[in-house]
$ cat query.cif   # mmCIF, C-alpha atoms
data_structure
#
loop_
_atom_site.label_atom_id
_atom_site.label_comp_id
_atom_site.auth_asym_id
_atom_site.auth_seq_id
_atom_site.Cartn_x
_atom_site.Cartn_y
_atom_site.Cartn_z
CA MET F 1 4.01 33.90 15.04
CA ALA F 2 4.96 30.31 14.18
CA LYS F 3 5.81 28.20 17.19
CA ASN F 4 9.34 26.83 17.47
CA PHE F 5 9.66 23.13 18.27
CA GLY F 6 13.38 22.98 18.92
CA ASP F 7 16.51 23.79 16.95
CA PRO F 8 17.02 21.90 13.68
CA VAL F 9 18.77 18.55 13.92
CA GLU F 10 21.19 17.50 11.19
CA LEU F 11 21.40 13.81 10.32
CA THR F 12 23.94 12.34 7.92
CA VAL F 13 22.28 9.64 5.85
CA ASP F 14 24.09 7.88 2.99
CA GLY F 15 26.54 10.76 2.82
CA HIS F 16 23.84 13.45 2.63
CA VAL F 17 22.92 15.88 5.40
CA ILE F 18 19.19 15.83 6.20
CA ARG F 19 18.17 18.90 8.19
CA VAL F 20 15.15 18.12 10.35
CA THR F 21 13.37 21.33 11.29
CA ASN F 22 11.07 21.57 14.32
CA PRO F 23 12.23 18.12 15.48
CA GLN F 24 10.13 18.17 18.66
CA LYS F 25 6.90 19.01 16.87
CA PRO F 26 4.16 16.61 18.07
CA TYR F 27 3.31 14.48 15.04
CA PHE F 28 1.18 12.02 17.00
CA PRO F 29 0.25 14.05 20.09
CA GLN F 30 -2.00 11.40 21.62
CA VAL F 31 1.02 9.12 22.08
CA ALA F 32 3.66 11.88 22.40
CA ILE F 33 5.54 10.99 19.20
CA THR F 34 7.51 13.80 17.56
CA LYS F 35 8.54 14.57 14.03
CA LEU F 36 12.12 13.50 14.77
CA GLN F 37 10.90 10.15 16.08
CA VAL F 38 9.05 9.54 12.81
CA VAL F 39 12.20 10.32 10.83
CA GLN F 40 14.21 8.07 13.16
CA HIS F 41 11.69 5.25 12.68
CA TYR F 42 12.47 5.22 8.97
CA LEU F 43 16.20 5.22 9.68
CA ASP F 44 15.83 2.38 12.20
CA CYS F 45 13.94 0.29 9.62
CA GLY F 46 16.14 1.59 6.81
CA PRO F 47 17.04 -1.59 4.87
CA GLY F 48 13.42 -2.74 5.01
CA ILE F 49 11.74 0.47 3.89
CA LEU F 50 14.35 0.94 1.15
CA ARG F 51 13.73 -2.60 -0.10
CA ALA F 52 10.02 -1.78 -0.31
CA LEU F 53 10.53 1.55 -2.13
CA ARG F 54 13.74 1.31 -4.13
CA ASP F 55 13.29 2.66 -7.68
CA ARG F 56 9.51 2.70 -7.32
CA PRO F 57 7.51 5.84 -8.19
CA THR F 58 6.12 6.75 -4.80
CA THR F 59 3.27 8.99 -3.74
CA LEU F 60 4.03 10.84 -0.51
CA GLU F 61 1.21 11.15 2.02
CA ARG F 62 2.22 14.33 3.81
CA TRP F 63 0.93 15.56 7.18
CA PRO F 64 3.07 18.68 7.71
CA SER F 65 1.15 19.67 10.85
CA GLY F 66 1.13 16.13 12.21
CA VAL F 67 -1.71 13.69 12.76
CA VAL F 68 -3.56 15.97 15.13
CA GLU F 69 -7.18 15.86 16.20
CA GLY F 70 -9.44 17.35 13.56
CA ALA F 71 -6.86 17.19 10.76
CA VAL F 72 -8.32 16.13 7.43
CA LEU F 73 -6.67 14.48 4.44
CA SER F 74 -7.39 16.12 1.09
CA THR F 75 -9.18 13.98 -1.48
CA ARG F 76 -9.81 14.14 -5.21
CA SER F 77 -13.22 15.67 -4.56
CA ASP F 78 -12.17 18.04 -1.75
CA SER F 79 -8.67 19.55 -1.75
CA ARG F 80 -9.14 21.69 1.37
CA GLY F 81 -7.59 19.26 3.84
CA ASP F 82 -4.66 19.75 6.20
CA ALA F 83 -2.75 16.80 4.71
CA PHE F 84 -2.35 15.76 1.09
CA TYR F 85 -0.98 13.24 -1.38
CA GLN F 86 2.11 14.49 -3.23
CA LYS F 87 2.17 12.79 -6.62
CA ARG F 88 4.79 15.04 -8.20
CA VAL F 89 8.31 15.61 -6.96
CA PRO F 90 8.23 18.64 -4.63
CA THR F 91 9.73 21.88 -5.89
CA GLY F 92 13.26 22.40 -4.60
CA ALA F 93 13.99 18.73 -4.06
CA PRO F 94 17.73 18.03 -3.55
CA GLU F 95 19.78 16.75 -6.47
CA PHE F 96 20.04 13.27 -4.94
CA VAL F 97 16.25 12.82 -5.20
CA GLU F 98 15.59 10.89 -8.40
CA THR F 99 12.25 10.46 -10.14
CA ALA F 100 10.22 8.18 -12.39
CA HIS F 101 8.01 9.44 -15.23
CA ILE F 102 4.56 7.93 -14.90
CA THR F 103 1.28 8.12 -16.77
CA PHE F 104 -2.04 8.29 -14.94
CA PRO F 105 -5.24 6.61 -16.22
CA SER F 106 -6.39 10.03 -17.45
CA GLY F 107 -3.38 10.25 -19.75
CA ARG F 108 -1.72 12.99 -17.72
CA THR F 109 1.87 12.42 -16.69
CA ALA F 110 4.10 13.29 -13.74
CA ASP F 111 7.61 12.91 -12.43
CA GLU F 112 7.21 11.17 -9.09
CA VAL F 113 9.82 10.57 -6.39
CA ALA F 114 11.54 7.18 -6.86
CA PRO F 115 13.75 6.50 -3.81
CA THR F 116 17.23 5.21 -4.55
CA SER F 117 18.71 5.66 -1.08
CA LEU F 118 17.66 5.98 2.55
CA ALA F 119 18.55 9.68 2.36
CA VAL F 120 15.58 10.21 0.03
CA ILE F 121 13.25 8.54 2.52
CA ALA F 122 14.61 10.59 5.43
CA TRP F 123 14.28 13.79 3.36
CA ALA F 124 10.64 12.93 2.55
CA ALA F 125 9.92 12.20 6.23
CA GLN F 126 11.40 15.59 7.14
CA LEU F 127 8.82 17.12 4.75
CA GLY F 128 6.05 15.55 6.82
CA THR F 129 5.61 12.33 4.86
CA ILE F 130 3.87 9.90 7.19
CA THR F 131 3.06 7.15 4.67
CA PHE F 132 4.83 6.04 1.49
CA HIS F 133 2.63 4.70 -1.32
CA PRO F 134 4.80 3.01 -3.97
CA TRP F 135 3.63 1.88 -7.38
CA PRO F 136 4.13 -1.86 -8.12
CA VAL F 137 6.70 -1.00 -10.81
CA ARG F 138 10.33 0.08 -11.06
CA ARG F 139 11.37 3.26 -12.83
CA ALA F 140 13.20 1.28 -15.54
CA ASP F 141 9.81 -0.02 -16.75
CA VAL F 142 6.81 1.82 -15.35
CA ASP F 143 4.22 -0.02 -17.47
CA HIS F 144 4.90 -3.59 -16.31
CA PRO F 145 4.39 -4.35 -12.61
CA ASP F 146 6.77 -6.65 -10.75
CA GLU F 147 4.43 -7.05 -7.78
CA LEU F 148 1.00 -8.60 -7.35
CA ARG F 149 -0.69 -7.07 -4.32
CA LEU F 150 -3.52 -8.84 -2.55
CA ASP F 151 -5.36 -6.58 -0.12
CA LEU F 152 -7.57 -8.47 2.36
CA ASP F 153 -9.95 -5.84 3.65
CA PRO F 154 -12.29 -6.67 6.57
CA GLN F 155 -15.81 -5.37 6.06
CA PRO F 156 -18.12 -4.25 8.90
CA GLY F 157 -18.76 -7.17 11.21
CA THR F 158 -15.39 -8.78 10.51
CA HIS F 159 -11.98 -8.24 12.05
CA PHE F 160 -8.24 -8.71 11.63
CA THR F 161 -8.54 -12.31 12.82
CA ASP F 162 -10.96 -13.03 9.95
CA ALA F 163 -8.50 -11.56 7.46
CA VAL F 164 -5.78 -13.79 8.92
CA VAL F 165 -7.85 -16.92 8.28
CA VAL F 166 -8.31 -15.86 4.65
CA ALA F 167 -4.61 -15.04 4.38
CA TYR F 168 -3.69 -18.62 5.32
CA GLU F 169 -6.07 -19.98 2.69
CA LEU F 170 -4.47 -17.61 0.19
CA ARG F 171 -1.06 -18.90 1.19
CA ALA F 172 -2.19 -22.46 0.47
CA LEU F 173 -3.64 -21.40 -2.88
CA LEU F 174 -0.35 -19.78 -3.89
CA ALA F 175 1.60 -22.86 -2.81
CA GLU F 176 -0.55 -25.02 -5.08
CA VAL F 177 0.84 -23.17 -8.11
CA GLY F 178 4.37 -23.07 -6.70
CA MET F 179 4.37 -19.49 -5.48
CA GLN F 180 5.32 -17.82 -2.22
CA GLY F 181 3.60 -14.75 -0.83
CA PHE F 182 4.97 -12.29 1.72
CA VAL F 183 2.56 -11.05 4.35
CA LYS F 184 2.29 -7.85 6.38
CA THR F 185 -0.23 -6.03 8.50
CA SER F 186 -1.90 -3.07 6.82
CA GLY F 187 -1.50 -0.78 9.79
CA GLY F 188 -5.23 -1.12 10.34
CA ARG F 189 -7.50 -4.19 10.42
CA GLY F 190 -6.40 -5.67 7.12
CA VAL F 191 -3.72 -7.98 5.79
CA HIS F 192 -1.57 -7.50 2.69
CA VAL F 193 0.06 -10.33 0.75
CA TYR F 194 2.67 -9.52 -1.91
CA VAL F 195 3.91 -11.80 -4.70
CA ARG F 196 6.89 -10.79 -6.81
CA ILE F 197 6.18 -11.36 -10.50
CA ALA F 198 8.20 -11.20 -13.70
CA PRO F 199 7.75 -7.67 -15.12
CA HIS F 200 6.11 -8.75 -18.36
CA ALA F 201 2.39 -8.41 -17.63
CA THR F 202 0.35 -5.24 -18.01
CA PHE F 203 -1.57 -3.53 -15.22
CA ILE F 204 -4.75 -5.04 -16.68
CA ASP F 205 -3.25 -8.54 -16.55
CA VAL F 206 -2.16 -8.13 -12.93
CA ARG F 207 -5.59 -6.83 -11.96
CA HIS F 208 -7.23 -9.80 -13.72
CA ALA F 209 -4.94 -12.14 -11.79
CA ALA F 210 -6.10 -10.56 -8.52
CA ILE F 211 -9.74 -10.94 -9.60
CA ALA F 212 -9.18 -14.61 -10.44
CA ILE F 213 -7.52 -15.27 -7.08
CA GLY F 214 -10.36 -13.49 -5.28
CA ARG F 215 -12.98 -15.55 -7.10
CA GLU F 216 -11.17 -18.78 -6.25
CA LEU F 217 -11.07 -17.76 -2.60
CA GLU F 218 -14.80 -17.01 -2.78
CA ARG F 219 -15.42 -20.58 -3.96
CA ARG F 220 -13.24 -22.04 -1.23
CA MET F 221 -14.61 -19.85 1.55
CA PRO F 222 -18.25 -19.08 0.64
CA GLY F 223 -19.76 -16.27 2.65
CA ARG F 224 -16.39 -15.37 4.19
CA VAL F 225 -14.69 -13.84 1.14
CA THR F 226 -16.06 -11.49 -1.51
CA THR F 227 -14.93 -9.73 -4.66
CA GLN F 228 -18.09 -7.60 -4.84
CA TRP F 229 -17.01 -4.07 -5.69
CA TRP F 230 -20.14 -2.42 -4.31
CA LYS F 231 -20.15 -2.22 -0.51
CA GLU F 232 -23.87 -2.90 -0.29
CA ASP F 233 -23.26 -6.39 -1.71
CA ARG F 234 -20.27 -7.45 0.41
CA GLY F 235 -21.91 -8.45 3.66
CA GLU F 236 -19.82 -9.50 6.65
CA SER F 237 -16.84 -10.81 4.73
CA ILE F 238 -13.24 -10.15 3.73
CA PHE F 239 -13.12 -8.13 0.53
CA ILE F 240 -10.31 -8.93 -1.92
CA ASP F 241 -9.66 -5.44 -3.26
CA PHE F 242 -8.57 -6.31 -6.78
CA ASN F 243 -8.57 -2.65 -7.83
CA GLN F 244 -5.47 -2.06 -5.73
CA ASN F 245 -3.67 -3.53 -8.74
CA ALA F 246 -5.04 -0.97 -11.19
CA ARG F 247 -2.73 1.71 -12.57
CA ASP F 248 -2.10 4.53 -10.07
CA ARG F 249 -3.60 2.57 -7.18
CA THR F 250 -1.17 2.02 -4.34
CA ILE F 251 -0.93 0.37 -0.92
CA ALA F 252 1.03 1.73 2.03
CA SER F 253 4.49 0.19 1.88
CA ALA F 254 6.04 -2.18 4.35
CA TYR F 255 7.30 -0.20 7.38
CA SER F 256 5.13 2.80 6.49
CA VAL F 257 3.56 4.69 9.36
CA ARG F 258 -0.20 5.11 9.07
CA ALA F 259 -2.02 8.33 9.88
CA LYS F 260 -3.89 7.07 12.94
CA ALA F 261 -3.68 8.45 16.46
CA HIS F 262 -1.54 5.63 17.91
CA ALA F 263 1.07 5.83 15.08
CA PRO F 264 0.70 2.27 13.76
CA VAL F 265 3.12 0.77 11.25
CA SER F 266 2.37 -1.55 8.34
CA MET F 267 4.60 -4.36 9.54
CA PRO F 268 6.02 -7.36 7.68
CA VAL F 269 5.55 -10.55 9.66
CA THR F 270 6.31 -14.22 9.12
CA TRP F 271 3.59 -16.69 8.27
CA ASP F 272 4.36 -18.54 11.49
CA GLU F 273 3.61 -15.51 13.65
CA LEU F 274 0.71 -14.03 11.68
CA SER F 275 -1.96 -15.88 13.68
CA SER F 276 -0.63 -14.61 17.00
CA VAL F 277 0.19 -10.95 16.30
CA ASP F 278 -1.88 -7.94 17.28
CA PRO F 279 -1.49 -5.21 14.62
CA HIS F 280 -1.88 -2.54 17.29
CA ASP F 281 1.44 -3.63 18.78
CA PHE F 282 3.40 -2.39 15.73
CA THR F 283 3.99 1.35 16.11
CA VAL F 284 6.64 4.01 15.58
CA LEU F 285 7.92 3.18 19.07
CA THR F 286 8.12 -0.60 18.61
CA ALA F 287 8.97 -1.17 14.93
CA GLY F 288 12.61 -0.10 15.25
CA PRO F 289 13.42 -2.37 18.20
CA ARG F 290 11.69 -5.27 16.40
CA PHE F 291 13.74 -4.59 13.28
CA ALA F 292 16.94 -4.49 15.33
CA LYS F 293 16.08 -7.90 16.78
CA PHE F 294 14.72 -9.76 13.75
CA GLY F 295 15.84 -7.75 10.74
CA ASP F 296 13.68 -7.54 7.62
CA VAL F 297 11.51 -10.66 7.47
CA HIS F 298 10.83 -9.77 3.80
CA GLU F 299 14.53 -9.84 2.98
CA SER F 300 14.14 -12.65 0.43
CA ILE F 301 11.14 -11.14 -1.39
CA ASP F 302 13.20 -10.31 -4.49
CA ASP F 303 14.82 -13.73 -4.79
CA VAL F 304 12.16 -15.23 -7.09
CA HIS F 305 9.82 -13.61 -9.61
CA TYR F 306 6.83 -15.71 -10.66
CA ASP F 307 4.77 -15.97 -13.85
CA LEU F 308 1.12 -14.89 -13.65
CA ALA F 309 0.02 -17.43 -16.29
CA PRO F 310 -1.87 -19.77 -13.88
CA PHE F 311 -4.06 -16.94 -12.62
CA LEU F 312 -4.70 -15.51 -16.08
CA GLU F 313 -5.81 -18.99 -17.14
CA TRP F 314 -8.21 -19.00 -14.19
CA TYR F 315 -9.57 -15.61 -15.29
CA GLU F 316 -10.15 -16.89 -18.84
CA ARG F 317 -11.76 -20.08 -17.49
CA ASP F 318 -14.17 -18.11 -15.30
CA GLU F 319 -15.10 -15.90 -18.23
CA ARG F 320 -15.53 -18.84 -20.63
CA ASP F 321 -17.23 -21.37 -18.34
CA HIS F 322 -19.03 -19.22 -15.78
CA GLY F 323 -19.73 -15.93 -17.56
CA LEU F 324 -17.60 -14.03 -15.07
CA GLY F 325 -15.87 -11.23 -16.90
CA GLU F 326 -14.56 -7.77 -16.18
CA MET F 327 -15.28 -5.99 -12.89
CA PRO F 328 -15.88 -2.28 -12.21
CA TYR F 329 -12.91 0.06 -12.05
CA PRO F 330 -12.57 2.89 -9.50
CA PRO F 331 -14.94 5.81 -10.15
CA ASP F 332 -12.25 8.25 -11.34
CA TYR F 333 -11.12 5.92 -14.14
CA PRO F 334 -12.13 6.39 -17.77
CA LYS F 335 -14.52 3.73 -19.02
CA MET F 336 -12.48 0.56 -19.55
CA ALA F 337 -12.91 -2.15 -22.20
CA GLY F 338 -15.45 -4.80 -21.22
CA GLU F 339 -16.30 -3.07 -17.96
CA PRO F 340 -19.86 -3.53 -16.65
CA LYS F 341 -22.10 -0.56 -15.94
CA ARG F 342 -20.42 1.51 -13.22
CA VAL F 343 -23.44 2.04 -11.00
CA GLN F 344 -24.26 0.44 -7.66
CA PRO F 345 -26.84 -2.36 -7.93
CA SER F 346 -29.57 -0.71 -5.83
CA ARG F 347 -29.44 2.42 -7.96
CA ALA F 348 -29.48 0.34 -11.14
CA ARG F 349 -32.59 -1.49 -9.94
CA ASN F 350 -34.31 1.81 -9.18
CA GLN F 351 -33.44 3.09 -12.65
CA ASP F 352 -34.98 -0.04 -14.18
#
$ encode --input "query.cif" --output "structure tokens"
Amino acid sequence: MAKNFGDPVELTVDGHVIRVTNPQKPYFPQVAITKLQVVQHYLDCGPGILRALRDRPTTLERWPSGVVEGAVLSTRSDSRGDAFYQKRVPTGAPEFVETAHITFPSGRTADEVAPTSLAVIAWAAQLGTITFHPWPVRRADVDHPDELRLDLDPQPGTHFTDAVVVAYELRALLAEVGMQGFVKTSGGRGVHVYVRIAPHATFIDVRHAAIAIGRELERRMPGRVTTQWWKEDRGESIFIDFNQNARDRTIASAYSVRAKAHAPVSMPVTWDELSSVDPHDFTVLTAGPRFAKFGDVHESIDDVHYDLAPFLEWYERDERDHGLGEMPYPPDYPKMAGEPKRVQPSRARNQD
């Protein structure tokens, strides 16, 4: 018999009633955080999470049993997990839940949730959505991103503080071409920097821009930054994950909860405070009070949209002058034009 975790709680959000079932269900039992507290987190950070998700096709990372010990997230290769990624709008979604029609790299299509109100976000959280993974596009034009995402990923032997140092160098690089980036913690050890762009470029263009930026950071910070796709070649460095800009690749949104035992939140911060924050301090319990005090520090992110031309020129320069061309795509992608052999270097050497 299914255990009851309290009577349903009804919340009115943007004129819609969201019925939260089993509100006292432990969603993060190690820190005594319930399902209702997760839903309330998204309401408390409402303007911020809606700014991050509005009109964007969004994959829902659902943990209907909570982030409990031993729970496993399903993957492309093994679908037997306790949690899963919902890439299509759930059956029985309310009428106020709108969608965007997207095309995956395989050519298959789907109608994915595209939040237009906080009610949609609360409804998804009631379904067990822990993390929201938005595409870098709006539903009015799903083939032209309006967001360049730079994922600074610490490799073994490096830490959040190393990613912060790289983030400041990235900030300076962006300033040199007249651009402003917006920074947030990843909810783990990494740092994310977002740049709003005019929605004219293709996914391939945006990915090439990320590659060019990563290569420039490599030159400025030798040995501390890498764009090497294969882990065996990265060393103790900060990896600029350019493939996060490929079609159907997403990053946890600002204010998203991450599926880790202490319920961390991917938190927007100011550049002034980045060097002094501890990402572990941003959780479901602390994000709401911070938002109430400071508001959304990414509030102005939509004010200016930049042109990617400088970075695409860098990409062409590197290809022309240094023989640096296309980089490998993720393993589930079809073979892409100009892509090098998709095999890790050690295996390639053994084959030779």
$ closest_residue --input "query.cif" --among "F:Phe96, F:Phe28, F:Tyr168, F:Trp230" --to "Arg258 in chain F" --atoms "only C-alpha atoms"
F:Phe28
$ residues_around --input "query.cif" --residues "Lys35 in chain F" --least-positions-apart "5" --cutoff "7 Å" --atoms "only C-alpha atoms" --output "PyMOL selection string"
chain F and resi 23-27
$ closest_residue --input "query.cif" --among "F:Ala122, F:Arg171, F:Asp302, F:Thr75" --to "Ala198 in chain F" --atoms "only C-alpha atoms"
F:Asp302
$ resolve_selection --input "query.cif" --expression "the PyMOL selection byres ((chain F and resi 83) around 10)" --output "list in words"
Glu61, Arg62, Trp63, Pro64, Ser65, Gly66, Val67, Ala71, Val72, Leu73, Ser74, Thr75, Ser79, Arg80, Gly81, Asp82, Phe84, Tyr85, Gln86, Gly128, Thr129, Ile130 and Ala259 of chain F
$ residues_around --input "query.cif" --residues "Ala163 in chain F" --least-positions-apart "2" --cutoff "7 Å" --atoms "all atoms listed in the file" --output "MDAnalysis selection string"
chainID F and resid 152 154 159:161 165:167 190:191 238
$ write_last_selection --input "query.cif" --atoms "C-alpha atoms" --output "PDB file, in the coordinates of the input"
ATOM      1  CA  LEU F 152      -7.570  -8.470   2.360  1.00  0.00           C
ATOM      2  CA  PRO F 154     -12.290  -6.670   6.570  1.00  0.00           C
ATOM      3  CA  HIS F 159     -11.980  -8.240  12.050  1.00  0.00           C
ATOM      4  CA  PHE F 160      -8.240  -8.710  11.630  1.00  0.00           C
ATOM      5  CA  THR F 161      -8.540 -12.310  12.820  1.00  0.00           C
ATOM      6  CA  VAL F 165      -7.850 -16.920   8.280  1.00  0.00           C
ATOM      7  CA  VAL F 166      -8.310 -15.860   4.650  1.00  0.00           C
ATOM      8  CA  ALA F 167      -4.610 -15.040   4.380  1.00  0.00           C
ATOM      9  CA  GLY F 190      -6.400  -5.670   7.120  1.00  0.00           C
ATOM     10  CA  VAL F 191      -3.720  -7.980   5.790  1.00  0.00           C
ATOM     11  CA  ILE F 238     -13.240 -10.150   3.730  1.00  0.00           C
TER      12      ILE F 238
END
$ resolve_selection --input "query.cif" --expression "the PyMOL selection byres ((chain F and resi 140) around 10)" --output "PyMOL selection string"
chain F and resi 55-56+100-101+137-139+141-144
$ write_last_selection --input "query.cif" --atoms "C-alpha atoms" --output "PDB file, in the frame of the given file"
ATOM      1  CA  ASP F  55      13.290   2.660  -7.680  1.00  0.00           C
ATOM      2  CA  ARG F  56       9.510   2.700  -7.320  1.00  0.00           C
ATOM      3  CA  ALA F 100      10.220   8.180 -12.390  1.00  0.00           C
ATOM      4  CA  HIS F 101       8.010   9.440 -15.230  1.00  0.00           C
ATOM      5  CA  VAL F 137       6.700  -1.000 -10.810  1.00  0.00           C
ATOM      6  CA  ARG F 138      10.330   0.080 -11.060  1.00  0.00           C
ATOM      7  CA  ARG F 139      11.370   3.260 -12.830  1.00  0.00           C
ATOM      8  CA  ASP F 141       9.810  -0.020 -16.750  1.00  0.00           C
ATOM      9  CA  VAL F 142       6.810   1.820 -15.350  1.00  0.00           C
ATOM     10  CA  ASP F 143       4.220  -0.020 -17.470  1.00  0.00           C
ATOM     11  CA  HIS F 144       4.900  -3.590 -16.310  1.00  0.00           C
TER      12      HIS F 144
END
$ residues_around --input "query.cif" --residues "Thr270 in chain F" --least-positions-apart "2" --cutoff "12 Å" --atoms "all atoms listed in the file" --output "ChimeraX atom specification"
/F:167-168,171,180-185,193,267-268,272-277,294-301
$ atom_distance --input "query.cif" --atom1 "CA of Ser186 in chain F" --atom2 "CA of Pro330 in chain F"
20.4 Å
$ resolve_selection --input "query.cif" --expression "the PyMOL selection byres ((chain F and resi 205-212) around 7)" --output "ChimeraX atom specification"
/F:148,150,201-204,213-216,242-243,245-246,308,311-312,314-315
$ axis_aligned_box --input "query.cif" --around "range 228-232 of chain F" --padding-each-side "8 Å" --output "JSON"
{"center_x": -20.4, "center_y": -4.9, "center_z": -3.0, "size_x": 22.9, "size_y": 21.4, "size_z": 21.4}
$ atom_distance --input "query.cif" --atom1 "CA of Val38 in chain F" --atom2 "CA of Phe5 in chain F"
14.7 Å
$ decode --input "query.cif" --residues "range 155-172 of chain F" --atoms "N, CA and C atoms" --output "PDB file, in the first residue's frame"
ATOM      1  N   GLN F 155      38.012  19.765 -14.032  1.00  0.00           N
ATOM      2  CA  GLN F 155      38.421  18.376 -14.195  1.00  0.00           C
ATOM      3  C   GLN F 155      39.092  17.874 -12.912  1.00  0.00           C
ATOM      4  N   PRO F 156      39.262  16.561 -12.768  1.00  0.00           N
ATOM      5  CA  PRO F 156      39.896  16.040 -11.556  1.00  0.00           C
ATOM      6  C   PRO F 156      41.206  16.762 -11.242  1.00  0.00           C
ATOM      7  N   GLY F 157      41.341  17.157  -9.990  1.00  0.00           N
ATOM      8  CA  GLY F 157      42.514  17.901  -9.563  1.00  0.00           C
ATOM      9  C   GLY F 157      42.304  19.397  -9.554  1.00  0.00           C
ATOM     10  N   THR F 158      41.141  19.852 -10.055  1.00  0.00           N
ATOM     11  CA  THR F 158      40.812  21.274 -10.011  1.00  0.00           C
ATOM     12  C   THR F 158      39.494  21.452  -9.265  1.00  0.00           C
ATOM     13  N   HIS F 159      39.184  22.711  -8.931  1.00  0.00           N
ATOM     14  CA  HIS F 159      38.053  22.965  -8.057  1.00  0.00           C
ATOM     15  C   HIS F 159      37.269  24.197  -8.528  1.00  0.00           C
ATOM     16  N   PHE F 160      36.221  24.503  -7.797  1.00  0.00           N
ATOM     17  CA  PHE F 160      35.398  25.673  -8.094  1.00  0.00           C
ATOM     18  C   PHE F 160      36.247  26.938  -8.163  1.00  0.00           C
ATOM     19  N   THR F 161      37.178  27.074  -7.261  1.00  0.00           N
ATOM     20  CA  THR F 161      38.015  28.283  -7.235  1.00  0.00           C
ATOM     21  C   THR F 161      38.825  28.427  -8.524  1.00  0.00           C
ATOM     22  N   ASP F 162      39.229  27.310  -9.127  1.00  0.00           N
ATOM     23  CA  ASP F 162      39.944  27.362 -10.401  1.00  0.00           C
ATOM     24  C   ASP F 162      39.014  27.826 -11.517  1.00  0.00           C
ATOM     25  N   ALA F 163      37.773  27.338 -11.477  1.00  0.00           N
ATOM     26  CA  ALA F 163      36.795  27.769 -12.481  1.00  0.00           C
ATOM     27  C   ALA F 163      36.505  29.257 -12.353  1.00  0.00           C
ATOM     28  N   VAL F 164      36.504  29.763 -11.131  1.00  0.00           N
ATOM     29  CA  VAL F 164      36.267  31.195 -10.902  1.00  0.00           C
ATOM     30  C   VAL F 164      37.363  32.031 -11.546  1.00  0.00           C
ATOM     31  N   VAL F 165      38.610  31.616 -11.410  1.00  0.00           N
ATOM     32  CA  VAL F 165      39.720  32.352 -12.017  1.00  0.00           C
ATOM     33  C   VAL F 165      39.541  32.420 -13.534  1.00  0.00           C
ATOM     34  N   VAL F 166      39.159  31.309 -14.130  1.00  0.00           N
ATOM     35  CA  VAL F 166      38.925  31.276 -15.577  1.00  0.00           C
ATOM     36  C   VAL F 166      37.726  32.151 -15.944  1.00  0.00           C
ATOM     37  N   ALA F 167      36.710  32.136 -15.103  1.00  0.00           N
ATOM     38  CA  ALA F 167      35.518  32.946 -15.374  1.00  0.00           C
ATOM     39  C   ALA F 167      35.865  34.432 -15.452  1.00  0.00           C
ATOM     40  N   TYR F 168      36.758  34.890 -14.583  1.00  0.00           N
ATOM     41  CA  TYR F 168      37.149  36.302 -14.621  1.00  0.00           C
ATOM     42  C   TYR F 168      37.945  36.624 -15.887  1.00  0.00           C
ATOM     43  N   GLU F 169      38.768  35.691 -16.330  1.00  0.00           N
ATOM     44  CA  GLU F 169      39.478  35.900 -17.593  1.00  0.00           C
ATOM     45  C   GLU F 169      38.485  35.926 -18.763  1.00  0.00           C
ATOM     46  N   LEU F 170      37.486  35.075 -18.696  1.00  0.00           N
ATOM     47  CA  LEU F 170      36.430  35.075 -19.708  1.00  0.00           C
ATOM     48  C   LEU F 170      35.676  36.395 -19.703  1.00  0.00           C
ATOM     49  N   ARG F 171      35.409  36.909 -18.523  1.00  0.00           N
ATOM     50  CA  ARG F 171      34.731  38.203 -18.432  1.00  0.00           C
ATOM     51  C   ARG F 171      35.536  39.290 -19.135  1.00  0.00           C
ATOM     52  N   ALA F 172      36.851  39.281 -18.916  1.00  0.00           N
ATOM     53  CA  ALA F 172      37.712  40.278 -19.552  1.00  0.00           C
ATOM     54  C   ALA F 172      37.712  40.104 -21.069  1.00  0.00           C
TER      55      ALA F 172
END
